[in-house]
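The next block is model.pdb, given as PDB, C-alpha atoms and all ligand atoms.
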ATOM      1  CA  MET A 751     -11.236 145.395  -2.149
ATOM      2  CA  ARG A 752     -10.089 147.043   1.060
ATOM      3  CA  PRO A 753      -6.385 147.965   0.951
ATOM      4  CA  SER A 754      -3.774 147.004   3.568
ATOM      5  CA  LEU A 755      -0.414 148.475   4.459
ATOM      6  CA  ILE A 756       2.346 147.780   6.951
ATOM      7  CA  LEU A 757       5.680 149.593   7.365
ATOM      8  CA  HIS A 758       8.761 148.800   9.401
ATOM      9  CA  GLY A 759      11.504 151.081  10.626
ATOM     10  CA  GLY A 760      14.037 148.378  11.476
ATOM     11  CA  ALA A 761      14.686 145.774  14.150
ATOM     12  CA  GLY A 762      17.423 145.888  16.779
ATOM     13  CA  SER A 763      18.049 147.237  20.236
ATOM     14  CA  PRO A 764      15.505 149.709  21.619
ATOM     15  CA  ALA A 765      16.523 153.371  21.312
ATOM     16  CA  PRO A 766      13.979 155.297  23.417
ATOM     17  CA  GLU A 767      15.733 158.593  22.648
ATOM     18  CA  PHE A 768      14.633 158.258  18.998
ATOM     19  CA  SER A 769      11.227 156.749  19.639
ATOM     20  CA  ALA A 770       9.235 159.982  19.134
ATOM     21  CA  ASP A 771      11.058 160.769  15.874
ATOM     22  CA  ARG A 772      10.557 157.235  14.576
ATOM     23  CA  ARG A 773       6.886 157.330  15.489
ATOM     24  CA  HIS A 774       6.450 160.638  13.698
ATOM     25  CA  GLY A 775       8.342 159.438  10.596
ATOM     26  CA  LEU A 776       6.364 156.208  10.367
ATOM     27  CA  GLN A 777       3.072 158.042  10.865
ATOM     28  CA  ARG A 778       3.871 160.491   8.074
ATOM     29  CA  ALA A 779       4.924 157.788   5.621
ATOM     30  CA  PHE A 780       1.986 155.553   6.521
ATOM     31  CA  THR A 781      -0.601 158.319   6.161
ATOM     32  CA  ALA A 782       0.729 159.353   2.741
ATOM     33  CA  ALA A 783       0.920 155.802   1.360
ATOM     34  CA  TRP A 784      -2.452 154.879   2.865
ATOM     35  CA  SER A 785      -4.187 157.776   1.161
ATOM     36  CA  MET A 786      -2.700 156.641  -2.183
ATOM     37  CA  LEU A 787      -4.113 153.151  -1.619
ATOM     38  CA  GLU A 788      -7.516 154.485  -0.543
ATOM     39  CA  GLN A 789      -7.726 156.482  -3.761
ATOM     40  CA  GLY A 790      -7.127 153.325  -5.788
ATOM     41  CA  GLY A 791      -3.351 153.754  -6.209
ATOM     42  CA  SER A 792      -1.240 150.645  -6.791
ATOM     43  CA  ALA A 793       0.521 148.683  -4.058
ATOM     44  CA  LEU A 794       3.772 149.262  -5.941
ATOM     45  CA  ASP A 795       3.404 153.065  -5.968
ATOM     46  CA  ALA A 796       2.396 153.040  -2.293
ATOM     47  CA  VAL A 797       5.449 151.064  -1.108
ATOM     48  CA  VAL A 798       7.822 153.184  -3.203
ATOM     49  CA  HIS A 799       6.306 156.396  -1.851
ATOM     50  CA  ALA A 800       6.416 155.232   1.778
ATOM     51  CA  VAL A 801      10.045 154.139   1.449
ATOM     52  CA  MET A 802      11.019 157.400  -0.294
ATOM     53  CA  LEU A 803       9.605 159.428   2.593
ATOM     54  CA  LEU A 804      11.487 157.250   5.087
ATOM     55  CA  GLU A 805      14.704 157.563   3.034
ATOM     56  CA  ASN A 806      14.388 161.344   3.362
ATOM     57  CA  ASP A 807      13.904 161.118   7.134
ATOM     58  CA  PRO A 808      17.291 161.246   8.924
ATOM     59  CA  THR A 809      15.856 159.205  11.814
ATOM     60  CA  PHE A 810      16.068 156.040   9.730
ATOM     61  CA  ASN A 811      18.984 154.069   8.346
ATOM     62  CA  ALA A 812      18.099 154.606   4.679
ATOM     63  CA  GLY A 813      18.899 157.429   2.256
ATOM     64  CA  ILE A 814      19.829 160.519   4.293
ATOM     65  CA  GLY A 815      20.910 159.321   7.756
ATOM     66  CA  SER A 816      22.264 155.963   6.558
ATOM     67  CA  CYS A 817      24.907 154.107   8.578
ATOM     68  CA  ILE A 818      28.505 154.841   7.618
ATOM     69  CA  ASN A 819      30.831 152.037   6.543
ATOM     70  CA  ARG A 820      34.367 151.281   7.771
ATOM     71  CA  ASP A 821      35.831 153.926   5.441
ATOM     72  CA  GLY A 822      33.434 156.675   6.508
ATOM     73  CA  ILE A 823      31.216 156.408   3.423
ATOM     74  CA  VAL A 824      27.509 155.682   2.994
ATOM     75  CA  GLU A 825      26.760 152.705   0.723
ATOM     76  CA  MET A 826      23.075 151.887   0.372
ATOM     77  CA  ASP A 827      21.043 148.837  -0.679
ATOM     78  CA  ALA A 828      17.399 148.673  -1.764
ATOM     79  CA  SER A 829      14.972 146.406  -3.577
ATOM     80  CA  LEU A 830      11.342 146.108  -4.531
ATOM     81  CA  MET A 831       9.074 143.473  -6.011
ATOM     82  CA  ASP A 832       5.704 143.634  -7.721
ATOM     83  CA  GLY A 833       3.583 140.629  -6.738
ATOM     84  CA  ALA A 834       1.315 141.033  -9.774
ATOM     85  CA  THR A 835       3.955 140.896 -12.514
ATOM     86  CA  PHE A 836       6.753 139.167 -10.569
ATOM     87  CA  HIS A 837       9.041 141.960 -11.732
ATOM     88  CA  ALA A 838      11.749 143.121  -9.347
ATOM     89  CA  GLY A 839      14.533 145.696  -9.104
ATOM     90  CA  ALA A 840      17.486 145.953  -6.744
ATOM     91  CA  VAL A 841      20.596 148.045  -6.082
ATOM     92  CA  GLY A 842      23.628 147.369  -3.911
ATOM     93  CA  ALA A 843      26.355 149.614  -2.477
ATOM     94  CA  VAL A 844      25.229 152.836  -4.181
ATOM     95  CA  ARG A 845      26.749 156.098  -2.974
ATOM     96  CA  THR A 846      25.376 158.963  -5.034
ATOM     97  CA  VAL A 847      21.612 158.537  -5.113
ATOM     98  CA  GLN A 848      19.183 160.221  -2.762
ATOM     99  CA  HIS A 849      16.505 157.560  -3.211
ATOM    100  CA  PRO A 850      17.901 154.059  -3.759
ATOM    101  CA  ILE A 851      14.320 152.732  -3.955
ATOM    102  CA  LEU A 852      13.637 154.946  -7.003
ATOM    103  CA  LEU A 853      16.739 153.550  -8.653
ATOM    104  CA  ALA A 854      15.572 149.986  -7.910
ATOM    105  CA  GLN A 855      12.169 150.848  -9.384
ATOM    106  CA  SER A 856      13.730 152.327 -12.478
ATOM    107  CA  ILE A 857      15.883 149.189 -13.009
ATOM    108  CA  MET A 858      12.707 147.122 -12.670
ATOM    109  CA  GLN A 859      10.856 149.292 -15.180
ATOM    110  CA  ALA A 860      13.742 149.158 -17.684
ATOM    111  CA  GLY A 861      13.147 145.413 -17.594
ATOM    112  CA  GLN A 862      16.496 144.080 -18.748
ATOM    113  CA  HIS A 863      18.145 143.411 -15.383
ATOM    114  CA  VAL A 864      17.056 142.905 -11.779
ATOM    115  CA  PHE A 865      20.133 143.853  -9.756
ATOM    116  CA  LEU A 866      22.806 146.534 -10.338
ATOM    117  CA  VAL A 867      25.597 147.443  -7.937
ATOM    118  CA  GLY A 868      28.225 150.130  -7.371
ATOM    119  CA  SER A 869      29.443 152.274 -10.223
ATOM    120  CA  GLY A 870      27.284 150.544 -12.873
ATOM    121  CA  ALA A 871      24.175 151.338 -10.828
ATOM    122  CA  GLU A 872      25.342 154.942 -10.462
ATOM    123  CA  GLU A 873      25.812 155.205 -14.220
ATOM    124  CA  PHE A 874      22.188 154.057 -14.568
ATOM    125  CA  VAL A 875      21.199 156.938 -12.252
ATOM    126  CA  ARG A 876      22.779 159.460 -14.597
ATOM    127  CA  THR A 877      21.253 158.007 -17.758
ATOM    128  CA  HIS A 878      17.733 157.628 -16.318
ATOM    129  CA  GLY A 879      17.278 161.051 -14.739
ATOM    130  CA  ILE A 880      17.150 159.875 -11.125
ATOM    131  CA  PRO A 881      18.119 162.613  -8.615
ATOM    132  CA  GLU A 882      21.770 162.388  -7.571
ATOM    133  CA  ILE A 883      23.182 163.585  -4.277
ATOM    134  CA  ALA A 884      26.699 164.420  -3.124
ATOM    135  CA  PRO A 885      27.819 161.495  -0.905
ATOM    136  CA  GLU A 886      28.546 163.836   2.043
ATOM    137  CA  GLN A 887      24.934 165.062   2.026
ATOM    138  CA  LEU A 888      23.802 161.572   3.033
ATOM    139  CA  ILE A 889      25.859 161.753   6.229
ATOM    140  CA  THR A 890      24.087 163.232   9.232
ATOM    141  CA  GLU A 891      25.960 164.722  12.185
ATOM    142  CA  ARG A 892      24.569 161.998  14.418
ATOM    143  CA  GLN A 893      25.843 159.185  12.190
ATOM    144  CA  HIS A 894      29.218 160.865  11.844
ATOM    145  CA  ARG A 895      29.556 161.260  15.616
ATOM    146  CA  ARG A 896      28.612 157.644  16.017
ATOM    147  CA  TRP A 897      31.191 156.537  13.445
ATOM    148  CA  ARG A 898      33.962 158.686  15.016
ATOM    149  CA  SER A 899      33.323 157.117  18.399
ATOM    150  CA  ALA A 900      32.647 153.616  16.942
ATOM    151  CA  GLN A 901      29.471 153.668  18.996
ATOM    152  CA  THR A 902      27.193 150.755  18.133
ATOM    153  CA  HIS A 903      24.333 151.702  20.440
ATOM    154  CA  GLY A 904      21.277 153.458  19.027
ATOM    155  CA  GLU A 905      21.289 151.719  15.661
ATOM    156  CA  PRO A 906      18.765 153.557  13.515
ATOM    157  CA  GLY A 907      16.379 151.446  11.478
ATOM    158  CA  THR A 908      16.309 150.059   7.987
ATOM    159  CA  VAL A 909      12.934 150.766   6.371
ATOM    160  CA  GLY A 910      10.423 148.562   4.588
ATOM    161  CA  ALA A 911       6.862 148.637   3.272
ATOM    162  CA  VAL A 912       4.347 146.010   2.176
ATOM    163  CA  ALA A 913       1.020 146.937   0.557
ATOM    164  CA  PHE A 914      -2.147 145.316  -0.815
ATOM    165  CA  ASP A 915      -4.159 147.508  -3.173
ATOM    166  CA  THR A 916      -7.852 147.734  -4.046
ATOM    167  CA  ALA A 917      -7.217 145.555  -7.130
ATOM    168  CA  GLY A 918      -5.846 142.805  -4.852
ATOM    169  CA  HIS A 919      -2.196 143.215  -5.881
ATOM    170  CA  LEU A 920       0.757 143.021  -3.519
ATOM    171  CA  ALA A 921       4.142 144.769  -3.466
ATOM    172  CA  ALA A 922       7.101 144.977  -1.075
ATOM    173  CA  ALA A 923      10.042 147.387  -0.814
ATOM    174  CA  THR A 924      13.085 147.673   1.485
ATOM    175  CA  SER A 925      15.881 150.260   1.776
ATOM    176  CA  THR A 926      18.912 150.574   4.048
ATOM    177  CA  GLY A 927      22.346 151.991   4.688
ATOM    178  CA  GLY A 928      23.249 148.499   5.947
ATOM    179  CA  LEU A 929      25.237 147.698   9.049
ATOM    180  CA  PHE A 930      27.291 150.216  11.008
ATOM    181  CA  ASN A 931      31.032 150.078  10.217
ATOM    182  CA  LYS A 932      30.490 147.417   7.529
ATOM    183  CA  HIS A 933      33.208 146.406   5.075
ATOM    184  CA  PRO A 934      33.216 148.593   1.952
ATOM    185  CA  GLY A 935      31.347 146.796  -0.822
ATOM    186  CA  ARG A 936      29.277 144.728   1.598
ATOM    187  CA  VAL A 937      25.746 144.175   0.302
ATOM    188  CA  GLY A 938      23.063 142.936   2.681
ATOM    189  CA  ASP A 939      19.672 141.280   2.423
ATOM    190  CA  SER A 940      17.801 144.515   1.689
ATOM    191  CA  ALA A 941      19.150 144.356  -1.870
ATOM    192  CA  VAL A 942      18.452 140.659  -2.317
ATOM    193  CA  ILE A 943      15.107 139.491  -3.720
ATOM    194  CA  GLY A 944      13.917 136.519  -1.673
ATOM    195  CA  ALA A 945      16.010 137.549   1.347
ATOM    196  CA  GLY A 946      15.007 141.126   2.291
ATOM    197  CA  THR A 947      12.084 141.563  -0.112
ATOM    198  CA  TYR A 948       9.586 139.272  -1.818
ATOM    199  CA  ALA A 949       6.094 139.586  -3.308
ATOM    200  CA  ASP A 950       3.811 137.093  -5.020
ATOM    201  CA  ASP A 951       0.125 137.898  -5.510
ATOM    202  CA  ALA A 952      -0.682 134.197  -5.163
ATOM    203  CA  LEU A 953       0.663 133.983  -1.599
ATOM    204  CA  GLY A 954       1.840 137.195   0.037
ATOM    205  CA  ALA A 955       4.547 139.834   0.337
ATOM    206  CA  VAL A 956       7.307 140.469   2.892
ATOM    207  CA  SER A 957       9.972 143.009   3.841
ATOM    208  CA  ALA A 958      12.645 141.890   6.321
ATOM    209  CA  THR A 959      15.076 143.670   8.642
ATOM    210  CA  GLY A 960      17.895 142.522  10.912
ATOM    211  CA  VAL A 961      21.286 140.889  10.409
ATOM    212  CA  GLY A 962      21.583 140.768   6.623
ATOM    213  CA  GLU A 963      24.058 137.897   6.352
ATOM    214  CA  ALA A 964      21.741 135.580   8.327
ATOM    215  CA  ILE A 965      18.674 136.816   6.409
ATOM    216  CA  ILE A 966      20.386 136.047   3.089
ATOM    217  CA  ARG A 967      21.381 132.554   4.232
ATOM    218  CA  THR A 968      17.811 131.726   5.219
ATOM    219  CA  THR A 969      16.160 133.602   2.302
ATOM    220  CA  LEU A 970      13.886 134.908   5.013
ATOM    221  CA  ALA A 971      11.346 136.871   2.913
ATOM    222  CA  ARG A 972      10.693 133.948   0.557
ATOM    223  CA  THR A 973      10.652 131.476   3.460
ATOM    224  CA  THR A 974       7.983 133.565   5.184
ATOM    225  CA  VAL A 975       5.888 133.806   1.996
ATOM    226  CA  GLU A 976       6.105 130.024   1.481
ATOM    227  CA  LEU A 977       4.839 129.472   5.031
ATOM    228  CA  LEU A 978       1.600 131.280   4.072
ATOM    229  CA  ARG A 979       0.604 128.337   1.843
ATOM    230  CA  GLY A 980      -2.756 126.810   2.720
ATOM    231  CA  GLY A 981      -4.116 130.069   4.137
ATOM    232  CA  VAL A 982      -1.901 130.190   7.235
ATOM    233  CA  ASP A 983      -2.418 133.397   9.239
ATOM    234  CA  PRO A 984       0.359 135.943   8.408
ATOM    235  CA  THR A 985       1.389 136.488  12.031
ATOM    236  CA  GLN A 986       1.642 132.736  12.475
ATOM    237  CA  ALA A 987       3.726 132.390   9.281
ATOM    238  CA  ALA A 988       5.976 135.274  10.386
ATOM    239  CA  ARG A 989       6.532 133.669  13.809
ATOM    240  CA  GLN A 990       7.255 130.296  12.261
ATOM    241  CA  ALA A 991       9.750 131.864   9.831
ATOM    242  CA  LEU A 992      11.502 133.610  12.729
ATOM    243  CA  THR A 993      11.667 130.330  14.668
ATOM    244  CA  ILE A 994      13.366 128.629  11.716
ATOM    245  CA  PHE A 995      15.623 131.673  11.288
ATOM    246  CA  ARG A 996      16.694 131.653  14.947
ATOM    247  CA  GLN A 997      17.279 127.902  15.012
ATOM    248  CA  ARG A 998      19.447 127.986  11.901
ATOM    249  CA  THR A 999      21.392 131.209  12.492
ATOM    250  CA  ALA A1000      21.097 132.217  16.182
ATOM    251  CA  SER A1001      20.708 135.735  14.816
ATOM    252  CA  GLU A1002      18.154 138.586  14.982
ATOM    253  CA  ALA A1003      15.571 139.688  12.434
ATOM    254  CA  GLY A1004      12.013 140.818  11.883
ATOM    255  CA  VAL A1005       9.496 140.562   9.041
ATOM    256  CA  ILE A1006       6.334 142.404   8.015
ATOM    257  CA  VAL A1007       3.823 140.434   5.944
ATOM    258  CA  ILE A1008       0.575 140.813   4.013
ATOM    259  CA  ASP A1009      -1.066 137.703   2.581
ATOM    260  CA  ALA A1010      -3.063 137.279  -0.643
ATOM    261  CA  LEU A1011      -6.280 138.173   1.227
ATOM    262  CA  GLY A1012      -4.799 141.432   2.535
ATOM    263  CA  ARG A1013      -4.315 140.185   6.105
ATOM    264  CA  VAL A1014      -1.421 141.877   7.907
ATOM    265  CA  GLY A1015       1.131 140.283  10.258
ATOM    266  CA  TYR A1016       4.624 140.752  11.617
ATOM    267  CA  ALA A1017       7.079 139.124  14.006
ATOM    268  CA  HIS A1018      10.643 139.640  15.210
ATOM    269  CA  ASN A1019      13.120 138.071  17.588
ATOM    270  CA  ALA A1020      15.139 141.269  18.231
ATOM    271  CA  SER A1021      14.610 143.290  21.400
ATOM    272  CA  ALA A1022      12.636 145.860  19.399
ATOM    273  CA  MET A1023      11.185 146.486  15.954
ATOM    274  CA  SER A1024       9.290 149.577  14.853
ATOM    275  CA  VAL A1025       6.147 149.000  12.810
ATOM    276  CA  ALA A1026       3.099 150.921  11.599
ATOM    277  CA  TYR A1027      -0.148 149.261  10.469
ATOM    278  CA  ARG A1028      -3.918 149.611  10.842
ATOM    279  CA  ARG A1029      -6.042 147.658  13.282
ATOM    280  CA  GLY A1030      -9.645 148.301  12.194
ATOM    281  CA  ASP A1031      -9.734 152.041  11.568
ATOM    282  CA  ALA A1032      -6.932 152.897  13.996
ATOM    283  CA  LEU A1033      -3.303 153.447  13.037
ATOM    284  CA  VAL A1034      -1.044 151.444  15.352
ATOM    285  CA  ILE A1035       2.596 152.508  15.665
ATOM    286  CA  GLU A1036       5.164 150.650  17.721
ATOM    287  CA  ALA A1037       8.466 152.521  17.909
ATOM    288  CA  ASP A1038      10.493 151.736  21.052
TER     289      ASP A1038
HETATM  290  N1  LIG B1101      19.149 144.047   7.086
HETATM  291  C1  LIG B1101      19.989 145.211   6.976
HETATM  292  C2  LIG B1101      21.358 144.795   6.484
HETATM  293  O1  LIG B1101      21.887 143.805   6.959
HETATM  294  C3  LIG B1101      20.154 145.952   8.264
HETATM  295  C4  LIG B1101      18.893 146.153   9.070
HETATM  296  O2  LIG B1101      17.836 145.666   8.725
HETATM  297  O3  LIG B1101      18.973 146.837  10.102
HETATM  298  O4  LIG B1101      21.929 145.487   5.682
END
Could you show the structure in this file as structure tokens?
Amino acid sequence: MRPSLILHGGAGSPAPEFSADRRHGLQRAFTAAWSMLEQGGSALDAVVHAVMLLENDPTFNAGIGSCINRDGIVEMDASLMDGATFHAGAVGAVRTVQHPILLAQSIMQAGQHVFLVGSGAEEFVRTHGIPEIAPEQLITERQHRRWRSAQTHGEPGTVGAVAFDTAGHLAAATSTGGLFNKHPGRVGDSAVIGAGTYADDALGAVSATGVGEAIIRTTLARTTVELLRGGVDPTQAARQALTIFRQRTASEAGVIVIDALGRVGYAHNASAMSVAYRRGDALVIEAD
């Protein structure tokens, strides 16, 4: 089967000053994950790898470069789901891990729990050999400047990936530093299976971005996947999900989708959302 892949780098207000960096970051992550899929790699490995590269890229609001909370600290959320096995892993409000998506994957692989938060999740990091990082190393100069001046413009993007592999399996992953100036301990949709991330080989897979509280209340990822029933086109399902989302919450979000046939779609109701996907043989990157 021919693989498919779509990445997002967050939805929100356009930030033209970061557009070139976002484009470059998305291109790099897409190319690496795409070559894994082309060589027969799994959808799960491809989404984890793409998200890890984006977590390392200070242009995005995930891993290094994450938004800073009210107390000047980075607290990150991430989740992933395997559409083949229905296994999932998630972390909320973690402070000492370089790659929250790796921690989520490791929780999934351990198999006992789905969702760990705060200090318990960090203890899991230490006992499972996941690379730790000093909390201050996650803070970039740009984010610190922004926090000092309480400047909300130029929100960098949460990251997400959805893949369909040559065996016909789906996976989705999402990672974020959350919302700028958020309350300490706040966990958003990116950590919540069904809200920010969902994957089911029978229907499709989704990663969401936008205002986490509204995305949680509408379980946006699962809602989008359900709208694929009956073979609905993924772009159509994404648009319909966003219509429901807007009507119920008057808030902003975006979703990337791949259905059970490997068809790719996305939609958002924010003023901008960065995405990378393939149209035919060409890589398309939107990064305003
Ligand atoms: N959804 C993320 C959150 O609320 C933020 C984002 O996607 O920009 O934590």
Surroundings of ligand LIG 1101 (chain B) up to 7 Å, based on only C-alpha atoms and all ligand atoms, as a PyMOL selection string
chain A and resi 760-762+907-908+926-929+937-940+946+958-963
Write the residues of the selection above to a file with C-alpha atoms, as a short mmCIF file (atom, residue, chain, number, x, y, z; two decimals), keeping the file's coordinate frame.
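So the final result, stored in selection16.cif, reads:
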data_model
loop_
_atom_site.label_atom_id
_atom_site.label_comp_id
_atom_site.auth_asym_id
_atom_site.auth_seq_id
_atom_site.Cartn_x
_atom_site.Cartn_y
_atom_site.Cartn_z
CA GLY A 760 14.04 148.38 11.48
CA ALA A 761 14.69 145.77 14.15
CA GLY A 762 17.42 145.89 16.78
CA GLY A 907 16.38 151.45 11.48
CA THR A 908 16.31 150.06 7.99
CA THR A 926 18.91 150.57 4.05
CA GLY A 927 22.35 151.99 4.69
CA GLY A 928 23.25 148.50 5.95
CA LEU A 929 25.24 147.70 9.05
CA VAL A 937 25.75 144.18 0.30
CA GLY A 938 23.06 142.94 2.68
CA ASP A 939 19.67 141.28 2.42
CA SER A 940 17.80 144.51 1.69
CA GLY A 946 15.01 141.13 2.29
CA ALA A 958 12.64 141.89 6.32
CA THR A 959 15.08 143.67 8.64
CA GLY A 960 17.90 142.52 10.91
CA VAL A 961 21.29 140.89 10.41
CA GLY A 962 21.58 140.77 6.62
CA GLU A 963 24.06 137.90 6.35
#
Just say which residues the PyMOL selection byres (((chain A and resi 994-1005) around 8) and not hetatm) picks in this file, as a PyMOL selection string.
chain A and resi 760-762+956-961+964-965+968+970-971+988+990-993+1006-1007+1016-1020+1023
For range 834-849 of chain A, what centre and edge lengths in Å (one decimal) does the axis-aligned box get once 5 Å is added on each side of all its listed atoms, as lines of an AutoDock Vina configuration file?
center_x = 14.0
center_y = 149.7
center_z = -7.5
size_x = 35.4
size_y = 31.1
size_z = 20.0
For the file shown, report as an mmCIF file with C-alpha atoms, in the coordinates of the input the outcome of the PyMOL selection byres (((chain A and resi 866-879) around 7) and not hetatm) at residue level.
data_model
loop_
_atom_site.group_PDB
_atom_site.id
_atom_site.type_symbol
_atom_site.label_atom_id
_atom_site.label_comp_id
_atom_site.auth_asym_id
_atom_site.auth_seq_id
_atom_site.Cartn_x
_atom_site.Cartn_y
_atom_site.Cartn_z
ATOM 1 C CA ALA A 840 17.486 145.953 -6.744
ATOM 2 C CA VAL A 841 20.596 148.045 -6.082
ATOM 3 C CA GLY A 842 23.628 147.369 -3.911
ATOM 4 C CA ALA A 843 26.355 149.614 -2.477
ATOM 5 C CA VAL A 844 25.229 152.836 -4.181
ATOM 6 C CA THR A 846 25.376 158.963 -5.034
ATOM 7 C CA LEU A 853 16.739 153.550 -8.653
ATOM 8 C CA VAL A 864 17.056 142.905 -11.779
ATOM 9 C CA PHE A 865 20.133 143.853 -9.756
ATOM 10 C CA ILE A 880 17.150 159.875 -11.125
ATOM 11 C CA PRO A 881 18.119 162.613 -8.615
#
Residue with smallest distance to Val1014 in chain A - pool A:Ile756, A:Cys817, A:Leu794, A:Ile851, counting all atoms listed in the file:
A:Ile756
Residue nearest Asp771 in chain A - candidates A:Thr809, A:Ser785, A:Thr947, A:Thr924, atoms counted: all atoms listed in the file
A:Thr809
Apply the PyMOL selection byres (((chain A and resi 751) around 9) and not hetatm) to the displayed file and report the matching residues as a PyMOL selection string.
chain A and resi 752-753+915-918+1012
